[in-house]
>>> print(open('run_28.pdb').read())   # PDB, C-alpha atoms
ATOM      1  CA  MET A   1     -14.714 -37.881 -14.319  1.00  0.00           C
ATOM      2  CA  LYS A   2     -14.128 -35.087 -11.832  1.00  0.00           C
ATOM      3  CA  THR A   3     -11.230 -32.737 -12.551  1.00  0.00           C
ATOM      4  CA  GLY A   4      -9.830 -29.905 -10.529  1.00  0.00           C
ATOM      5  CA  ILE A   5      -7.082 -28.877  -8.200  1.00  0.00           C
ATOM      6  CA  ASN A   6      -6.983 -30.065  -4.633  1.00  0.00           C
ATOM      7  CA  MET A   7      -5.209 -27.598  -2.384  1.00  0.00           C
ATOM      8  CA  ASN A   8      -4.626 -27.776   1.337  1.00  0.00           C
ATOM      9  CA  VAL A   9      -4.558 -24.139   2.456  1.00  0.00           C
ATOM     10  CA  HIS A  10      -3.635 -25.164   5.992  1.00  0.00           C
ATOM     11  CA  ASN A  11      -0.027 -25.725   4.850  1.00  0.00           C
ATOM     12  CA  LEU A  12       0.402 -22.212   3.448  1.00  0.00           C
ATOM     13  CA  ASP A  13       2.411 -19.625   5.343  1.00  0.00           C
ATOM     14  CA  ARG A  14       1.101 -16.075   5.817  1.00  0.00           C
ATOM     15  CA  GLU A  15       2.769 -14.693   2.670  1.00  0.00           C
ATOM     16  CA  GLU A  16       1.467 -17.546   0.493  1.00  0.00           C
ATOM     17  CA  MET A  17      -2.022 -17.097   1.928  1.00  0.00           C
ATOM     18  CA  GLU A  18      -1.929 -13.355   1.183  1.00  0.00           C
ATOM     19  CA  SER A  19      -0.903 -14.095  -2.420  1.00  0.00           C
ATOM     20  CA  LEU A  20      -3.739 -16.609  -2.747  1.00  0.00           C
ATOM     21  CA  TYR A  21      -6.285 -14.065  -1.446  1.00  0.00           C
ATOM     22  CA  ASN A  22      -5.001 -11.447  -3.898  1.00  0.00           C
ATOM     23  CA  LEU A  23      -5.304 -13.847  -6.845  1.00  0.00           C
ATOM     24  CA  LEU A  24      -8.792 -14.941  -5.816  1.00  0.00           C
ATOM     25  CA  GLY A  25      -9.830 -11.316  -5.424  1.00  0.00           C
ATOM     26  CA  LYS A  26      -8.639 -10.537  -8.947  1.00  0.00           C
ATOM     27  CA  MET A  27     -10.536 -13.535 -10.334  1.00  0.00           C
ATOM     28  CA  LEU A  28     -13.767 -12.532  -8.586  1.00  0.00           C
ATOM     29  CA  ASN A  29     -13.590  -8.913  -9.808  1.00  0.00           C
ATOM     30  CA  LYS A  30     -13.447  -9.625 -13.560  1.00  0.00           C
ATOM     31  CA  ASP A  31     -16.817  -7.929 -14.096  1.00  0.00           C
ATOM     32  CA  GLU A  32     -15.816  -4.697 -12.363  1.00  0.00           C
ATOM     33  CA  ILE A  33     -16.996  -1.401 -13.750  1.00  0.00           C
ATOM     34  CA  GLU A  34     -14.514   1.083 -15.147  1.00  0.00           C
ATOM     35  CA  LYS A  35     -12.627   2.692 -12.281  1.00  0.00           C
ATOM     36  CA  GLU A  36     -11.020   6.077 -11.971  1.00  0.00           C
ATOM     37  CA  PRO A  37      -7.246   6.082 -12.675  1.00  0.00           C
ATOM     38  CA  LEU A  38      -6.477   6.914  -9.031  1.00  0.00           C
ATOM     39  CA  ASP A  39      -8.526   3.945  -7.821  1.00  0.00           C
ATOM     40  CA  LYS A  40      -6.804   1.707 -10.380  1.00  0.00           C
ATOM     41  CA  MET A  41      -3.374   2.763  -9.105  1.00  0.00           C
ATOM     42  CA  ILE A  42      -4.399   2.212  -5.480  1.00  0.00           C
ATOM     43  CA  ASP A  43      -5.934  -1.182  -6.302  1.00  0.00           C
ATOM     44  CA  GLU A  44      -2.740  -2.259  -8.084  1.00  0.00           C
ATOM     45  CA  ILE A  45      -0.579  -1.221  -5.137  1.00  0.00           C
ATOM     46  CA  MET A  46      -2.894  -2.927  -2.652  1.00  0.00           C
ATOM     47  CA  ASP A  47      -2.857  -6.118  -4.761  1.00  0.00           C
ATOM     48  CA  GLU A  48       0.880  -6.229  -5.431  1.00  0.00           C
ATOM     49  CA  PHE A  49       2.506  -4.746  -2.319  1.00  0.00           C
ATOM     50  CA  ASN A  50       3.963  -7.417  -0.041  1.00  0.00           C
ATOM     51  CA  PHE A  51       2.077  -6.727   3.186  1.00  0.00           C
ATOM     52  CA  ALA A  52       3.045 -10.183   4.481  1.00  0.00           C
ATOM     53  CA  ALA A  53       6.740  -9.233   4.370  1.00  0.00           C
ATOM     54  CA  VAL A  54       5.996  -5.977   6.209  1.00  0.00           C
ATOM     55  CA  HIS A  55       4.036  -7.853   8.869  1.00  0.00           C
ATOM     56  CA  LYS A  56       6.830 -10.415   9.224  1.00  0.00           C
ATOM     57  CA  ALA A  57       9.405  -7.631   9.713  1.00  0.00           C
ATOM     58  CA  MET A  58       7.207  -5.840  12.236  1.00  0.00           C
ATOM     59  CA  VAL A  59       6.704  -9.036  14.246  1.00  0.00           C
ATOM     60  CA  ALA A  60      10.454  -9.745  14.187  1.00  0.00           C
ATOM     61  CA  LEU A  61      11.234  -6.189  15.327  1.00  0.00           C
ATOM     62  CA  ASP A  62       8.304  -6.092  17.778  1.00  0.00           C
ATOM     63  CA  TRP A  63       7.287  -2.860  15.985  1.00  0.00           C
ATOM     64  CA  LYS A  64       4.068  -1.682  17.599  1.00  0.00           C
ATOM     65  CA  TRP A  65       1.554   0.960  16.622  1.00  0.00           C
ATOM     66  CA  VAL A  66       0.022   2.793  19.556  1.00  0.00           C
ATOM     67  CA  VAL A  67      -2.973   4.513  17.978  1.00  0.00           C
ATOM     68  CA  THR A  68      -4.391   1.968  15.520  1.00  0.00           C
ATOM     69  CA  SER A  69      -3.297  -1.253  17.248  1.00  0.00           C
ATOM     70  CA  ASN A  70      -3.568  -0.437  20.950  1.00  0.00           C
ATOM     71  CA  ASN A  71       0.208  -0.702  21.392  1.00  0.00           C
ATOM     72  CA  ASN A  72       0.430  -4.022  19.503  1.00  0.00           C
ATOM     73  CA  VAL A  73       2.058  -5.107  16.261  1.00  0.00           C
ATOM     74  CA  PRO A  74      -0.580  -4.216  13.652  1.00  0.00           C
ATOM     75  CA  THR A  75      -2.576  -6.947  11.947  1.00  0.00           C
ATOM     76  CA  MET A  76      -2.472  -7.467   8.181  1.00  0.00           C
ATOM     77  CA  ASP A  77      -5.862  -5.767   7.947  1.00  0.00           C
ATOM     78  CA  GLU A  78      -4.604  -2.746   9.903  1.00  0.00           C
ATOM     79  CA  LEU A  79      -1.514  -2.538   7.672  1.00  0.00           C
ATOM     80  CA  ARG A  80      -3.649  -2.586   4.534  1.00  0.00           C
ATOM     81  CA  LYS A  81      -6.098   0.027   5.848  1.00  0.00           C
ATOM     82  CA  GLU A  82      -3.309   2.391   6.896  1.00  0.00           C
ATOM     83  CA  ALA A  83      -1.486   1.995   3.581  1.00  0.00           C
ATOM     84  CA  GLU A  84      -4.638   2.798   1.598  1.00  0.00           C
ATOM     85  CA  ARG A  85      -5.386   5.778   3.853  1.00  0.00           C
ATOM     86  CA  LEU A  86      -1.878   7.151   3.271  1.00  0.00           C
ATOM     87  CA  LEU A  87      -2.096   6.672  -0.511  1.00  0.00           C
ATOM     88  CA  ARG A  88      -5.436   8.475  -0.709  1.00  0.00           C
ATOM     89  CA  ASN A  89      -4.204  11.237   1.606  1.00  0.00           C
ATOM     90  CA  ALA A  90      -1.026  11.771  -0.438  1.00  0.00           C
ATOM     91  CA  ALA A  91      -3.098  12.079  -3.618  1.00  0.00           C
ATOM     92  CA  GLU A  92      -5.580  14.456  -2.004  1.00  0.00           C
ATOM     93  CA  VAL A  93      -3.027  16.829  -0.493  1.00  0.00           C
ATOM     94  CA  ARG A  94      -0.910  16.802  -3.690  1.00  0.00           C
ATOM     95  CA  LEU A  95      -3.835  18.278  -5.646  1.00  0.00           C
ATOM     96  CA  ASP A  96      -5.089  20.559  -2.864  1.00  0.00           C
ATOM     97  CA  LEU A  97      -2.928  21.666   0.066  1.00  0.00           C
ATOM     98  CA  PHE A  98       0.361  21.345  -1.864  1.00  0.00           C
ATOM     99  CA  LYS A  99      -0.918  22.481  -5.266  1.00  0.00           C
ATOM    100  CA  GLY A 100       1.511  25.393  -5.125  1.00  0.00           C
ATOM    101  CA  GLU A 101       4.532  23.074  -5.133  1.00  0.00           C
ATOM    102  CA  PRO A 102       6.290  22.326  -8.452  1.00  0.00           C
ATOM    103  CA  TRP A 103       4.328  19.685 -10.360  1.00  0.00           C
ATOM    104  CA  GLU A 104       7.440  17.505 -10.805  1.00  0.00           C
ATOM    105  CA  SER A 105       7.835  17.123  -7.033  1.00  0.00           C
ATOM    106  CA  PRO A 106       6.088  14.324  -5.160  1.00  0.00           C
ATOM    107  CA  ILE A 107       4.266  14.854  -1.894  1.00  0.00           C
ATOM    108  CA  TYR A 108       4.901  12.294   0.848  1.00  0.00           C
ATOM    109  CA  CYS A 109       2.657  11.079   3.660  1.00  0.00           C
ATOM    110  CA  ASN A 110       4.418   8.881   6.206  1.00  0.00           C
ATOM    111  CA  THR A 111       3.550   6.997   9.360  1.00  0.00           C
ATOM    112  CA  GLY A 112       4.403   3.752  11.117  1.00  0.00           C
ATOM    113  CA  GLY A 113       7.103   2.805   8.615  1.00  0.00           C
ATOM    114  CA  PHE A 114       4.931   3.420   5.544  1.00  0.00           C
ATOM    115  CA  SER A 115       5.736   6.176   3.080  1.00  0.00           C
ATOM    116  CA  ALA A 116       3.204   7.059   0.358  1.00  0.00           C
ATOM    117  CA  ALA A 117       4.182   9.453  -2.431  1.00  0.00           C
ATOM    118  CA  ALA A 118       1.978  11.136  -5.054  1.00  0.00           C
ATOM    119  CA  TRP A 119       2.942  12.915  -8.286  1.00  0.00           C
ATOM    120  CA  CYS A 120       0.621  14.988 -10.479  1.00  0.00           C
ATOM    121  CA  ASN A 121       0.395  16.163 -14.072  1.00  0.00           C
ATOM    122  CA  GLU A 122       1.680  19.577 -15.162  1.00  0.00           C
ATOM    123  CA  ASP A 123      -1.779  21.145 -14.792  1.00  0.00           C
ATOM    124  CA  LYS A 124      -1.987  19.766 -11.235  1.00  0.00           C
ATOM    125  CA  THR A 125      -5.434  18.324 -11.965  1.00  0.00           C
ATOM    126  CA  LYS A 126      -4.816  14.581 -11.653  1.00  0.00           C
ATOM    127  CA  ILE A 127      -2.486  12.117  -9.984  1.00  0.00           C
ATOM    128  CA  THR A 128      -0.121  10.418 -12.415  1.00  0.00           C
ATOM    129  CA  ARG A 129       1.904   8.216 -10.070  1.00  0.00           C
ATOM    130  CA  LEU A 130       1.696   6.721  -6.591  1.00  0.00           C
ATOM    131  CA  ASP A 131       4.400   4.902  -4.628  1.00  0.00           C
ATOM    132  CA  LEU A 132       4.159   2.946  -1.394  1.00  0.00           C
ATOM    133  CA  ASP A 133       7.251   1.986   0.595  1.00  0.00           C
ATOM    134  CA  PHE A 134       7.824   0.467   3.988  1.00  0.00           C
ATOM    135  CA  ILE A 135      11.020   1.868   5.484  1.00  0.00           C
ATOM    136  CA  VAL A 136      12.908   0.062   8.214  1.00  0.00           C
ATOM    137  CA  SER A 137      16.016   2.235   8.026  1.00  0.00           C
ATOM    138  CA  THR A 138      17.316   5.120   5.968  1.00  0.00           C
ATOM    139  CA  TRP A 139      20.246   7.513   6.044  1.00  0.00           C
ATOM    140  CA  SER A 140      21.029  10.721   4.239  1.00  0.00           C
ATOM    141  CA  ALA A 141      24.074  12.980   4.170  1.00  0.00           C
ATOM    142  CA  ARG A 142      24.862  16.140   2.249  1.00  0.00           C
ATOM    143  CA  ILE A 143      27.933  18.274   1.711  1.00  0.00           C
ATOM    144  CA  ASN A 144      27.377  21.915   0.818  1.00  0.00           C
TER     145      ASN A 144
END
>>> encode(input="run_28.pdb", output="structure tokens")
Amino acid sequence: MKTGINMNVHNLDREEMESLYNLLGKMLNKDEIEKEPLDKMIDEIMDEFNFAAVHKAMVALDWKWVVTSNNNVPTMDELRKEAERLLRNAAEVRLDLFKGEPWESPIYCNTGGFSAAAWCNEDKTKITRLDLDFIVSTWSARIN
């Protein structure tokens, strides 16, 4: 008797397909070697962040990137590559270029709607937290 799950992937929308790829990727990487904490944080963000929702919003808004997408809405692959680049850059500059800033303060790297933030430990020797956001709109006001 043959058992198993029959799945027709042709009926999945983009977001469901992205989730399926993430789950399959996790299953295939069970034998991975021990990774550095920074790589673990980046991997978690890349696995869990909803790039499909970002892509859907960018298509709806006709939000184009000039440099990386030749003045087109970026592909899912381009979104993922840019997000990872920003996360790694935020971590790098937090521990190097902005080492003189208070350790409690995050350092942000932003472009194309993405905002990556990195926090470090008190000794400013390792990254302790990373955030990735996609910002469509924001507003700030202050009264002195």
>>> closest_residue(input="run_28.pdb", among="A:Leu97, A:Ile42, A:Val67, A:Ala52", to="Ala83 in chain A", atoms="only C-alpha atoms")
A:Ile42
>>> closest_residue(input="run_28.pdb", among="A:Glu18, A:Glu36, A:Glu44, A:Glu92", to="Trp119 in chain A", atoms="all atoms listed in the file")
A:Glu92
>>> residues_around(input="run_28.pdb", residues="range 115-118 of chain A", least_positions_apart="3", cutoff="8 Å", atoms="all atoms listed in the file", output="number ranges by chain")
A: 83, 86-87, 90-91, 94, 106-111, 127-135
>>> closest_residue(input="run_28.pdb", among="A:Leu23, A:Val59, A:Ile143, A:Leu95", to="Val73 in chain A", atoms="all atoms listed in the file")
A:Val59
>>> closest_residue(input="run_28.pdb", among="A:Ser140, A:Arg14, A:Ser19, A:Asn70", to="Lys56 in chain A", atoms="all atoms listed in the file")
A:Arg14
>>> atom_distance(input="run_28.pdb", atom1="CA of Met46 in chain A", atom2="CA of Val66 in chain A")
23.1 Å
>>> resolve_selection(input="run_28.pdb", expression="the PyMOL selection byres ((chain A and resi 78) around 12)", output="PyMOL selection string")
chain A and resi 51-52+54-55+64-65+67-70+72-77+79-85+112
